[in-house]
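Trainee: Input start.tsv, format and content: TSV, C-alpha atoms and all ligand atoms.
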```tsv
chain	number	residue	atom	x	y	z
R	1	MET	CA	-95.37	-23.30	53.71
R	2	LYS	CA	-94.42	-21.67	57.01
R	3	THR	CA	-92.85	-18.19	57.08
R	4	ARG	CA	-92.91	-15.28	59.52
R	5	ILE	CA	-95.82	-13.85	57.51
R	6	THR	CA	-97.98	-17.02	57.61
R	7	GLU	CA	-97.33	-17.18	61.36
R	8	LEU	CA	-98.08	-13.48	61.93
R	9	PHE	CA	-101.41	-13.55	60.09
R	10	GLY	CA	-102.45	-17.16	60.75
R	11	ILE	CA	-102.67	-18.03	57.03
R	12	LYS	CA	-101.73	-21.16	55.10
R	13	HIS	CA	-99.81	-19.63	52.19
R	14	PRO	CA	-97.56	-16.51	52.20
R	15	ILE	CA	-99.65	-14.75	49.55
R	16	ILE	CA	-101.49	-11.46	50.17
R	17	GLN	CA	-103.99	-9.68	47.93
R	18	GLY	CA	-103.16	-5.97	48.20
R	19	GLY	CA	-105.87	-3.35	48.63
R	20	MET	CA	-107.28	-2.28	45.25
R	21	HIS	CA	-109.72	0.55	44.66
R	22	TYR	CA	-113.03	-0.75	43.21
R	23	VAL	CA	-111.61	-4.30	43.10
R	24	GLY	CA	-111.08	-5.17	46.77
R	25	PHE	CA	-114.69	-5.97	47.65
R	26	ALA	CA	-115.77	-8.77	50.00
R	27	GLU	CA	-116.08	-11.29	47.13
R	28	LEU	CA	-112.38	-11.10	46.24
R	29	ALA	CA	-111.08	-10.82	49.81
R	30	ALA	CA	-113.11	-13.87	50.87
R	31	ALA	CA	-112.03	-15.90	47.81
R	32	VAL	CA	-108.33	-15.21	48.49
R	33	SER	CA	-108.68	-16.00	52.19
R	34	ASN	CA	-110.68	-19.18	51.48
R	35	ALA	CA	-107.85	-20.26	49.16
R	36	GLY	CA	-105.37	-19.95	52.05
R	37	GLY	CA	-103.97	-16.49	51.27
R	38	LEU	CA	-104.80	-13.18	52.93
R	39	GLY	CA	-107.61	-11.23	51.28
R	40	LEU	CA	-108.05	-7.52	51.91
R	41	ILE	CA	-111.14	-5.33	51.59
R	42	THR	CA	-110.24	-1.86	50.28
R	43	GLY	CA	-111.53	0.51	52.96
R	44	LEU	CA	-111.92	3.74	50.99
R	45	THR	CA	-113.82	2.09	48.11
R	46	GLN	CA	-116.65	1.98	50.64
R	47	ARG	CA	-117.86	5.57	50.66
R	48	SER	CA	-118.57	5.73	54.40
R	49	PRO	CA	-117.54	3.91	57.58
R	50	GLU	CA	-121.10	2.49	57.76
R	51	LEU	CA	-120.71	0.93	54.32
R	52	LEU	CA	-117.30	-0.46	55.30
R	53	ALA	CA	-118.88	-2.05	58.39
R	54	LYS	CA	-121.43	-3.74	56.09
R	55	GLU	CA	-118.70	-4.92	53.70
R	56	ILE	CA	-116.76	-6.45	56.62
R	57	ALA	CA	-119.92	-8.23	57.79
R	58	ARG	CA	-120.55	-9.48	54.22
R	59	CYS	CA	-116.98	-10.82	53.99
R	60	ARG	CA	-117.38	-12.60	57.30
R	61	GLU	CA	-120.43	-14.41	55.89
R	62	MET	CA	-118.29	-15.63	52.98
R	63	THR	CA	-115.23	-16.84	54.90
R	64	ASP	CA	-114.25	-18.05	58.34
R	65	LYS	CA	-110.56	-17.46	57.53
R	66	PRO	CA	-108.55	-14.35	58.48
R	67	PHE	CA	-109.01	-11.36	56.19
R	68	GLY	CA	-107.98	-7.72	56.51
R	69	VAL	CA	-108.79	-4.17	55.44
R	70	ASN	CA	-106.61	-1.76	53.45
R	71	LEU	CA	-106.57	1.83	54.66
R	72	THR	CA	-104.91	4.23	52.24
R	73	PHE	CA	-103.88	7.61	53.65
R	74	LEU	CA	-103.95	10.18	50.90
R	75	PRO	CA	-102.98	13.81	51.12
R	76	SER	CA	-106.26	15.64	50.57
R	77	VAL	CA	-108.02	18.91	51.29
R	78	ASN	CA	-111.14	17.10	52.48
R	79	PRO	CA	-109.79	13.92	54.07
R	80	PRO	CA	-112.12	10.92	54.40
R	81	ASP	CA	-113.54	10.13	57.86
R	82	TYR	CA	-110.45	8.14	58.94
R	83	PRO	CA	-111.50	7.91	62.63
R	84	GLY	CA	-114.82	6.47	61.45
R	85	TYR	CA	-113.11	3.91	59.17
R	86	VAL	CA	-110.72	2.87	61.96
R	87	LYS	CA	-113.70	2.41	64.30
R	88	ALA	CA	-115.55	0.31	61.70
R	89	ILE	CA	-112.48	-1.94	61.40
R	90	ILE	CA	-112.11	-2.35	65.15
R	91	ASP	CA	-115.84	-2.82	65.81
R	92	GLY	CA	-115.99	-5.29	62.90
R	93	GLY	CA	-113.46	-7.51	64.67
R	94	VAL	CA	-110.93	-7.30	61.83
R	95	LYS	CA	-107.46	-8.29	63.08
R	96	ILE	CA	-105.26	-7.29	60.12
R	97	VAL	CA	-104.86	-3.87	58.49
R	98	GLU	CA	-102.75	-2.93	55.48
R	99	THR	CA	-101.90	0.77	55.62
R	100	ALA	CA	-100.55	2.63	52.61
R	101	GLY	CA	-99.78	6.16	51.51
R	102	ASN	CA	-98.79	8.53	54.29
R	103	ASN	CA	-97.11	7.54	57.56
R	104	PRO	CA	-99.76	5.64	59.60
R	105	VAL	CA	-98.29	6.64	63.01
R	106	LYS	CA	-101.39	8.57	64.09
R	107	TRP	CA	-103.60	5.50	63.66
R	108	LEU	CA	-101.36	2.86	65.23
R	109	PRO	CA	-102.35	3.35	68.91
R	110	PRO	CA	-106.09	2.51	68.46
R	111	LEU	CA	-105.28	-0.32	66.03
R	112	LYS	CA	-102.64	-1.88	68.29
R	113	GLU	CA	-104.87	-1.48	71.36
R	114	ALA	CA	-107.50	-3.52	69.54
R	115	GLY	CA	-104.92	-6.27	68.91
R	116	ILE	CA	-104.74	-5.55	65.18
R	117	LYS	CA	-101.62	-6.50	63.20
R	118	VAL	CA	-100.50	-3.73	60.86
R	119	ILE	CA	-98.61	-4.25	57.61
R	120	HIS	CA	-97.55	-0.97	56.02
R	121	LYS	CA	-97.00	-0.80	52.28
R	122	CYS	CA	-94.15	1.41	51.09
R	123	THR	CA	-91.85	1.88	48.13
R	124	ALA	CA	-88.53	2.79	49.80
R	125	VAL	CA	-86.26	1.19	52.39
R	126	ARG	CA	-86.22	4.44	54.42
R	127	HIS	CA	-90.03	4.37	54.65
R	128	ALA	CA	-89.96	0.68	55.61
R	129	LEU	CA	-87.48	1.46	58.39
R	130	LYS	CA	-89.74	4.27	59.59
R	131	ALA	CA	-92.69	1.85	59.66
R	132	GLU	CA	-90.59	-0.58	61.71
R	133	SER	CA	-89.57	2.16	64.14
R	134	ILE	CA	-93.15	3.30	64.81
R	135	GLY	CA	-94.29	-0.25	65.60
R	136	CYS	CA	-95.73	-1.74	62.42
R	137	ASP	CA	-95.70	-5.54	62.54
R	138	ALA	CA	-94.59	-6.03	58.93
R	139	VAL	CA	-94.10	-4.14	55.69
R	140	SER	CA	-95.00	-4.71	52.09
R	141	VAL	CA	-92.17	-3.49	49.88
R	142	ASP	CA	-93.52	-2.25	46.54
R	143	GLY	CA	-90.94	-2.24	43.72
R	144	PHE	CA	-90.89	-0.06	40.61
R	145	GLU	CA	-92.72	-2.77	38.61
R	146	CYS	CA	-95.86	-2.45	40.71
R	147	GLY	CA	-99.30	-1.45	39.58
R	148	GLY	CA	-100.42	1.75	41.31
R	149	HIS	CA	-98.04	4.13	43.04
R	150	PRO	CA	-94.37	3.07	42.84
R	151	GLY	CA	-93.10	6.29	44.46
R	152	GLU	CA	-90.42	8.45	42.86
R	153	ASP	CA	-87.23	6.43	43.47
R	154	ASP	CA	-87.63	3.89	40.65
R	155	VAL	CA	-85.83	1.01	42.37
R	156	GLY	CA	-86.85	-2.42	41.08
R	157	ASN	CA	-87.43	-5.38	43.35
R	158	TRP	CA	-84.21	-7.09	42.30
R	159	VAL	CA	-82.34	-4.50	44.38
R	160	LEU	CA	-85.09	-3.19	46.67
R	161	LEU	CA	-85.83	-6.58	48.30
R	162	PRO	CA	-82.26	-7.50	49.32
R	163	ARG	CA	-81.84	-3.89	50.52
R	164	ALA	CA	-84.94	-4.38	52.68
R	165	ALA	CA	-83.57	-7.73	53.89
R	166	GLU	CA	-80.25	-6.26	55.00
R	167	THR	CA	-81.98	-3.37	56.78
R	168	LEU	CA	-85.22	-4.56	58.40
R	169	LYS	CA	-85.87	-6.71	61.44
R	170	ILE	CA	-89.63	-7.08	60.99
R	171	PRO	CA	-90.90	-9.44	58.28
R	172	PHE	CA	-91.64	-8.04	54.84
R	173	VAL	CA	-93.37	-9.23	51.70
R	174	ALA	CA	-92.33	-8.56	48.12
R	175	SER	CA	-94.89	-6.52	46.24
R	176	GLY	CA	-95.01	-5.46	42.62
R	177	GLY	CA	-94.70	-7.60	39.52
R	178	VAL	CA	-95.54	-10.89	41.23
R	179	GLY	CA	-97.80	-13.45	39.59
R	180	THR	CA	-96.00	-16.79	39.58
R	181	GLY	CA	-94.60	-19.43	41.92
R	182	SER	CA	-91.09	-18.85	40.57
R	183	GLN	CA	-91.32	-15.21	41.68
R	184	LEU	CA	-92.50	-16.33	45.12
R	185	VAL	CA	-89.37	-18.52	45.41
R	186	ALA	CA	-87.18	-15.65	44.19
R	187	ALA	CA	-88.76	-13.28	46.73
R	188	LEU	CA	-88.14	-15.77	49.54
R	189	ALA	CA	-84.54	-16.18	48.37
R	190	LEU	CA	-84.09	-12.40	48.46
R	191	GLY	CA	-85.19	-12.30	52.09
R	192	ALA	CA	-88.93	-11.70	51.90
R	193	ASP	CA	-91.39	-13.80	53.93
R	194	GLY	CA	-94.10	-13.76	51.29
R	195	VAL	CA	-95.57	-11.85	48.38
R	196	ASN	CA	-98.28	-9.23	47.82
R	197	LEU	CA	-100.19	-9.33	44.54
R	198	GLY	CA	-102.44	-6.70	42.99
R	199	THR	CA	-102.86	-6.92	39.22
R	200	ARG	CA	-102.68	-10.75	39.12
R	201	PHE	CA	-105.73	-11.03	41.41
R	202	ILE	CA	-107.84	-8.76	39.15
R	203	ALA	CA	-107.66	-11.40	36.41
R	204	THR	CA	-109.43	-14.05	38.50
R	205	VAL	CA	-112.94	-15.48	38.32
R	206	GLU	CA	-113.98	-13.99	41.65
R	207	ALA	CA	-112.66	-10.43	41.15
R	208	PRO	CA	-115.92	-8.45	41.02
R	209	VAL	CA	-114.95	-6.26	38.05
R	210	HIS	CA	-116.17	-6.00	34.44
R	211	GLN	CA	-115.00	-8.81	32.12
R	212	ASN	CA	-113.40	-6.16	29.85
R	213	VAL	CA	-110.89	-5.37	32.64
R	214	LYS	CA	-109.83	-9.01	33.01
R	215	ASP	CA	-109.59	-9.42	29.21
R	216	ALA	CA	-107.49	-6.23	28.93
R	217	ILE	CA	-105.00	-7.56	31.48
R	218	VAL	CA	-104.72	-10.92	29.71
R	219	ALA	CA	-104.23	-9.13	26.37
R	220	ALA	CA	-101.59	-6.72	27.72
R	221	SER	CA	-97.84	-7.31	27.60
R	222	GLU	CA	-95.19	-6.07	30.02
R	223	LEU	CA	-94.71	-3.11	27.67
R	224	ASP	CA	-98.27	-1.81	27.96
R	225	THR	CA	-98.16	0.14	31.22
R	226	ARG	CA	-97.33	3.84	31.47
R	227	LEU	CA	-96.25	6.12	34.30
R	228	VAL	CA	-98.59	9.09	34.75
R	229	MET	CA	-98.61	12.08	37.13
R	230	ARG	CA	-94.82	12.04	37.43
R	231	PRO	CA	-94.64	15.86	37.11
R	232	LEU	CA	-97.00	16.07	40.11
R	233	ARG	CA	-94.76	13.72	42.13
R	234	ASN	CA	-97.71	11.36	42.44
R	235	THR	CA	-96.51	8.76	39.93
R	236	GLU	CA	-98.94	5.99	39.08
R	237	ARG	CA	-98.34	2.95	36.87
R	238	VAL	CA	-101.44	2.42	34.74
R	239	LEU	CA	-102.54	0.40	31.71
R	240	ASN	CA	-102.23	2.41	28.53
R	241	ASN	CA	-105.45	3.47	26.80
R	242	ALA	CA	-106.82	6.47	24.88
R	243	GLY	CA	-107.48	8.40	28.13
R	244	VAL	CA	-103.90	7.78	29.30
R	245	GLU	CA	-102.51	8.95	25.93
R	246	ARG	CA	-104.53	12.18	26.36
R	247	LEU	CA	-103.17	12.60	29.88
R	248	LEU	CA	-99.57	12.08	28.75
R	249	ALA	CA	-100.05	14.56	25.90
R	250	LYS	CA	-101.20	17.17	28.45
R	251	GLU	CA	-98.18	16.43	30.66
R	252	LYS	CA	-95.89	16.95	27.69
R	253	ALA	CA	-97.60	20.16	26.56
R	254	LEU	CA	-97.89	21.80	30.00
R	255	GLY	CA	-94.52	20.64	31.38
R	256	ALA	CA	-93.69	21.88	34.86
R	257	ASP	CA	-96.78	24.13	34.89
R	258	ILE	CA	-99.19	21.22	35.02
R	259	LYS	CA	-101.68	21.14	37.89
R	260	PHE	CA	-103.98	18.41	39.13
R	261	GLU	CA	-106.97	20.40	37.81
R	262	ASP	CA	-105.61	20.00	34.26
R	263	ILE	CA	-105.94	16.22	34.32
R	264	ILE	CA	-109.18	15.77	36.26
R	265	PRO	CA	-111.07	14.39	33.21
R	266	GLU	CA	-108.52	11.57	32.87
R	267	VAL	CA	-108.23	10.64	36.56
R	268	ALA	CA	-111.44	11.54	38.42
R	269	GLY	CA	-114.29	9.04	38.53
R	270	VAL	CA	-112.33	6.63	36.35
R	271	TYR	CA	-112.48	3.58	38.63
R	272	PRO	CA	-116.26	3.03	38.56
R	273	ALA	CA	-116.28	3.66	34.78
R	274	ILE	CA	-113.56	1.05	34.22
R	275	MET	CA	-114.25	-1.53	36.90
R	276	ILE	CA	-118.07	-1.49	36.88
R	277	GLU	CA	-118.98	-0.32	33.38
R	278	GLY	CA	-115.95	-1.73	31.53
R	279	LYS	CA	-115.30	1.53	29.61
R	280	MET	CA	-111.67	0.74	28.92
R	281	ASP	CA	-110.68	4.12	27.51
R	282	ALA	CA	-112.10	6.14	30.43
R	283	GLY	CA	-108.72	7.14	31.85
R	284	ALA	CA	-105.92	6.11	34.18
R	285	TRP	CA	-106.33	2.97	36.28
R	286	SER	CA	-103.54	1.15	38.11
R	287	CYS	CA	-102.04	-1.92	36.46
R	288	GLY	CA	-98.63	-3.53	36.86
R	289	MET	CA	-96.01	-4.80	34.42
R	290	VAL	CA	-96.92	-8.31	35.59
R	291	ALA	CA	-99.74	-8.10	33.02
R	292	GLY	CA	-97.11	-9.57	30.66
R	293	LEU	CA	-97.11	-12.75	32.77
R	294	ILE	CA	-100.89	-13.06	33.01
R	295	HIS	CA	-102.37	-15.34	30.37
R	296	ASP	CA	-105.55	-16.70	31.95
R	297	ILE	CA	-108.40	-16.03	34.38
R	298	PRO	CA	-108.27	-18.78	37.03
R	299	THR	CA	-110.19	-18.94	40.31
R	300	CYS	CA	-108.25	-17.61	43.30
R	301	GLN	CA	-107.94	-21.18	44.56
R	302	GLU	CA	-106.49	-22.35	41.22
R	303	LEU	CA	-104.08	-19.42	41.09
R	304	ILE	CA	-102.79	-19.84	44.64
R	305	ASP	CA	-102.57	-23.65	44.34
R	306	ARG	CA	-100.65	-23.28	41.07
R	307	MET	CA	-98.22	-20.77	42.59
R	308	MET	CA	-97.63	-22.94	45.64
R	309	SER	CA	-97.07	-26.15	43.68
R	310	GLU	CA	-94.75	-24.36	41.24
R	311	ALA	CA	-92.82	-22.95	44.21
R	312	GLU	CA	-92.60	-26.32	45.89
R	313	SER	CA	-91.36	-28.18	42.82
R	314	LEU	CA	-88.83	-25.42	42.07
R	315	ILE	CA	-87.40	-25.68	45.56
R	316	ARG	CA	-87.47	-29.48	45.80
R	317	GLN	CA	-86.43	-30.32	42.26
R	318	ARG	CA	-84.68	-27.54	40.37
R	319	LEU	CA	-82.83	-25.87	43.27
R	320	GLU	CA	-82.23	-28.96	45.39
R	321	GLY	CA	-81.19	-30.79	42.18
R	322	MET	CA	-78.56	-28.17	41.43
R	323	LEU	CA	-77.00	-28.70	44.85
R	324	ALA	CA	-77.03	-32.47	44.43
R	325	ALA	CA	-75.25	-32.11	41.09
B	401	LIG	C1	-106.41	-1.48	40.15
B	401	LIG	C2	-105.52	-1.28	41.34
B	401	LIG	C3	-105.95	-0.47	42.39
B	401	LIG	C4	-105.14	-0.27	43.50
B	401	LIG	N1	-105.62	0.48	44.55
B	401	LIG	C5	-104.88	0.57	45.69
B	401	LIG	C6	-105.39	1.26	46.82
B	401	LIG	O1	-106.51	1.79	46.81
B	401	LIG	N2	-104.62	1.32	47.93
B	401	LIG	C7	-103.38	0.72	47.99
B	401	LIG	O2	-102.74	0.78	49.02
B	401	LIG	N3	-102.86	0.08	46.92
B	401	LIG	C8	-103.58	-0.01	45.78
B	401	LIG	N4	-103.08	-0.71	44.72
B	401	LIG	C9	-101.73	-1.36	44.82
B	401	LIG	C10	-101.84	-2.84	45.19
B	401	LIG	O3	-102.35	-3.02	46.48
B	401	LIG	C11	-100.47	-3.53	45.13
B	401	LIG	O4	-99.58	-2.90	46.02
B	401	LIG	C12	-99.87	-3.50	43.74
B	401	LIG	O5	-100.87	-3.76	42.79
B	401	LIG	C13	-98.76	-4.52	43.61
B	401	LIG	O6	-98.25	-4.53	42.31
B	401	LIG	P1	-98.74	-5.56	41.17
B	401	LIG	O7	-100.00	-4.97	40.62
B	401	LIG	O8	-97.63	-5.57	40.23
B	401	LIG	O9	-99.00	-6.88	41.83
B	401	LIG	C14	-103.86	-0.89	43.57
B	401	LIG	C15	-103.42	-1.66	42.49
B	401	LIG	C16	-104.23	-1.88	41.39
B	401	LIG	C17	-103.72	-2.74	40.28
```
Could you write out this file's structure as structure tokens?
Mentor:
Amino acid sequence: MKTRITELFGIKHPIIQGGMHYVGFAELAAAVSNAGGLGLITGLTQRSPELLAKEIARCREMTDKPFGVNLTFLPSVNPPDYPGYVKAIIDGGVKIVETAGNNPVKWLPPLKEAGIKVIHKCTAVRHALKAESIGCDAVSVDGFECGGHPGEDDVGNWVLLPRAAETLKIPFVASGGVGTGSQLVAALALGADGVNLGTRFIATVEAPVHQNVKDAIVAASELDTRLVMRPLRNTERVLNNAGVERLLAKEKALGADIKFEDIIPEVAGVYPAIMIEGKMDAGAWSCGMVAGLIHDIPTCQELIDRMMSEAESLIRQRLEGMLAA
């Protein structure tokens, strides 16, 4: 399939694996890229720029296809060594970066000078427009269904995507809730040039996470995610578990007085406990409503091939057939 996104990134299929903390290691990025999609290493999961440089080199050993790095800009008192991470990306010869979180404007000049294509992930049309105006090459539009941080506007992709289509000039991909070929076709129909998947790629053979995580996603329905940290205006969609129930009870009890310090036990250090040790009640970890559509643990190649053949037969048979009738 050829779209503005496959052309921009030099990939076969318009399917991107979004950055995921403690999931987006070289193994997954390489598997997605080898399957014809775009795999992304999650920059900040590597605790230093030196470790990121090693992860990039490891990924390069596993694939000769294009892959990228996610750089998430978080508000923080002690920010990570962003200049160091940007340098590791440039020196590592990576040509695609997914930015997320805060406005990436400060980091665009060095990235663009190095010939890197930047896709910025955002949850609102106004942020997507901003990304376009500062020179991002594409945007990933994350709807309310998404795993992770859906923002505070709560607009689902059914409205968000056509709003993006009527507003943006640069290409965009639909992110949040996607796991099937039918959704890829719908996203293309709504004006997107591809899709970005998070949760769906965790439940794959190559995702280097504990089996308990994959099993939990397969077992979950679309009703099993919760929104946490809403009172802190840092909303995150997570899979429900005992830790999340504790967190929500605190939010209810403390109301508007709640502070980040109050919920540290349920949010700090949770990712290694969940993803590496498989302690499924450790606390809040991002997971999307698409869990309800995930019923198996295929390889990345099987997943992408299945999505592409479903998309193709939908377009050629079902849709084309309706016109013929
Ligand atoms: C476990 C997990 C961790 C994530 N970590 C990050 C991250 O570190 N940075 C980021 O930009 N997005 C992160 N995301 C968001 C994904 O890149 C993607 O935008 C989102 O998962 C899309 O929604 P979906 O899960 O419904 O496919 C994460 C998502 C999940 C499920």
Trainee: Could you please extract the residues within 8 Å of ligand LIG 401 (chain B), counting only C-alpha atoms and all ligand atoms, and hand them back as a count of residues only?
Mentor: 46
Trainee: Using only C-alpha atoms, can you tell me which of R:Ala282, R:Val159, R:Leu303, R:Leu129 comes closest to R:Glu206?
Mentor: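 Residue with the minimum atom-to-atom distance to R:Glu206: R:Leu303.
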Trainee: Leaving out R:Ala131 and any residue of its chain fewer than 2 positions from it, which residues lie within 12 Å of it when counting all atoms listed in the file, given as a PyMOL selection string?
Mentor: chain R and resi 98-106+108+118-129+133-141+168-172
Trainee: For the residues in the current selection, export C-alpha atoms as a tab-separated table (two decimals), in the frame of the given file.
Mentor:
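Ended up saving to out-v3.tsv:
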```tsv
chain	number	residue	atom	x	y	z
R	98	GLU	CA	-102.75	-2.93	55.48
R	99	THR	CA	-101.90	0.77	55.62
R	100	ALA	CA	-100.55	2.63	52.61
R	101	GLY	CA	-99.78	6.16	51.51
R	102	ASN	CA	-98.79	8.53	54.29
R	103	ASN	CA	-97.11	7.54	57.56
R	104	PRO	CA	-99.76	5.64	59.60
R	105	VAL	CA	-98.29	6.64	63.01
R	106	LYS	CA	-101.39	8.57	64.09
R	108	LEU	CA	-101.36	2.86	65.23
R	118	VAL	CA	-100.50	-3.73	60.86
R	119	ILE	CA	-98.61	-4.25	57.61
R	120	HIS	CA	-97.55	-0.97	56.02
R	121	LYS	CA	-97.00	-0.80	52.28
R	122	CYS	CA	-94.15	1.41	51.09
R	123	THR	CA	-91.85	1.88	48.13
R	124	ALA	CA	-88.53	2.79	49.80
R	125	VAL	CA	-86.26	1.19	52.39
R	126	ARG	CA	-86.22	4.44	54.42
R	127	HIS	CA	-90.03	4.37	54.65
R	128	ALA	CA	-89.96	0.68	55.61
R	129	LEU	CA	-87.48	1.46	58.39
R	133	SER	CA	-89.57	2.16	64.14
R	134	ILE	CA	-93.15	3.30	64.81
R	135	GLY	CA	-94.29	-0.25	65.60
R	136	CYS	CA	-95.73	-1.74	62.42
R	137	ASP	CA	-95.70	-5.54	62.54
R	138	ALA	CA	-94.59	-6.03	58.93
R	139	VAL	CA	-94.10	-4.14	55.69
R	140	SER	CA	-95.00	-4.71	52.09
R	141	VAL	CA	-92.17	-3.49	49.88
R	168	LEU	CA	-85.22	-4.56	58.40
R	169	LYS	CA	-85.87	-6.71	61.44
R	170	ILE	CA	-89.63	-7.08	60.99
R	171	PRO	CA	-90.90	-9.44	58.28
R	172	PHE	CA	-91.64	-8.04	54.84
```
Trainee: Measuring atom to atom with only C-alpha atoms, identify which of R:Ala249, R:Ala164, R:Met229, R:Ile16 is nearest to R:Ile96.
Mentor: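 Ranking R:Ala249, R:Ala164, R:Met229, R:Ile16 by distance to R:Ile96, first place goes to R:Ile16.
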Trainee: What gap, in Å, lies between atom CA of R:Leu188 and atom CA of R:Thr3?
Mentor: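 Separation between atom CA of R:Leu188 and atom CA of R:Thr3: 9.2 Å.
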Trainee: If we count only C-alpha atoms and set the cut-off at 8 Å, which residues sit around stretch 87-92 of chain R, ignoring sequence neighbours fewer than 4 positions away in its own chain? Please answer as number ranges by chain.
Mentor: R: 49-50, 52-53, 56-57, 69, 83, 111, 114
Trainee: Taking all atoms listed in the file into account, name the residue in R:Asp262, R:Glu312, R:Glu7, R:Glu27 that is nearest to R:Gln183.
Mentor: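 With all atoms listed in the file as the atom set, the closest residue is R:Glu312.
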Trainee: Would you compute the distance between atom CA of R:Val218 and atom CA of R:Pro265? Give it in Å to one decimal.
Mentor: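 Interatomic distance here is 26.3 Å.
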Trainee: Name the closest residue to R:Cys300 among the candidates R:Asn241, R:Gln46, R:Thr204, R:Ser182; distances are taken between atoms, counting only C-alpha atoms.
Mentor: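 Ranking R:Asn241, R:Gln46, R:Thr204, R:Ser182 by distance to R:Cys300, first place goes to R:Thr204.
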Trainee: For a quick check of understanding, using all atoms listed in the file, which of R:Leu51, R:Val270, R:Leu190, R:Ala207 has the smallest distance to R:Ala30?
Mentor: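 Of the candidates, the smallest distance to R:Ala30 is held by R:Ala207.
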Trainee: Please list as an MDAnalysis selection string every residue within 7 Å of R:Asn240, counting all atoms listed in the file and excluding residues in the same chain fewer than 6 positions away.
Mentor: chainID R and resid 224:226
Trainee: Looking at R:Gly43, R:Thr235, R:Leu319, R:Asp154, which one is nearest to R:Asp81, with distances taken over only C-alpha atoms?
Mentor: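 Checking each of R:Gly43, R:Thr235, R:Leu319, R:Asp154 against R:Asp81, counting only C-alpha atoms, the winner is R:Gly43.
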Trainee: Report, in Å to a single decimal, how far apart atom CA of R:Ala273 and atom CA of R:Glu302 are.
Mentor: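 Between atom CA of R:Glu302 and atom CA of R:Ala273 the gap is 28.5 Å.
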Trainee: Could you name the residues that touch R:Gln211 at 9 Å or less, counting all atoms listed in the file, but leaving out those on the same chain fewer than 4 positions away, as an mmCIF file with C-alpha atoms, in the frame of the given file?
Mentor:
```
data_model
loop_
_atom_site.group_PDB
_atom_site.id
_atom_site.type_symbol
_atom_site.label_atom_id
_atom_site.label_comp_id
_atom_site.auth_asym_id
_atom_site.auth_seq_id
_atom_site.Cartn_x
_atom_site.Cartn_y
_atom_site.Cartn_z
ATOM 1 C CA ALA R 203 -107.660 -11.400 36.410
ATOM 2 C CA ASP R 215 -109.590 -9.420 29.210
ATOM 3 C CA ALA R 216 -107.490 -6.230 28.930
ATOM 4 C CA MET R 275 -114.250 -1.530 36.900
ATOM 5 C CA GLY R 278 -115.950 -1.730 31.530
#
```
Trainee: Which residues come within 9 Å of R:Gly283, counting all atoms listed in the file, excluding same-chain residues fewer than 4 positions away, as a VMD selection string?
Mentor: chain R and resid 240 to 247 265 to 271 273 to 274 279
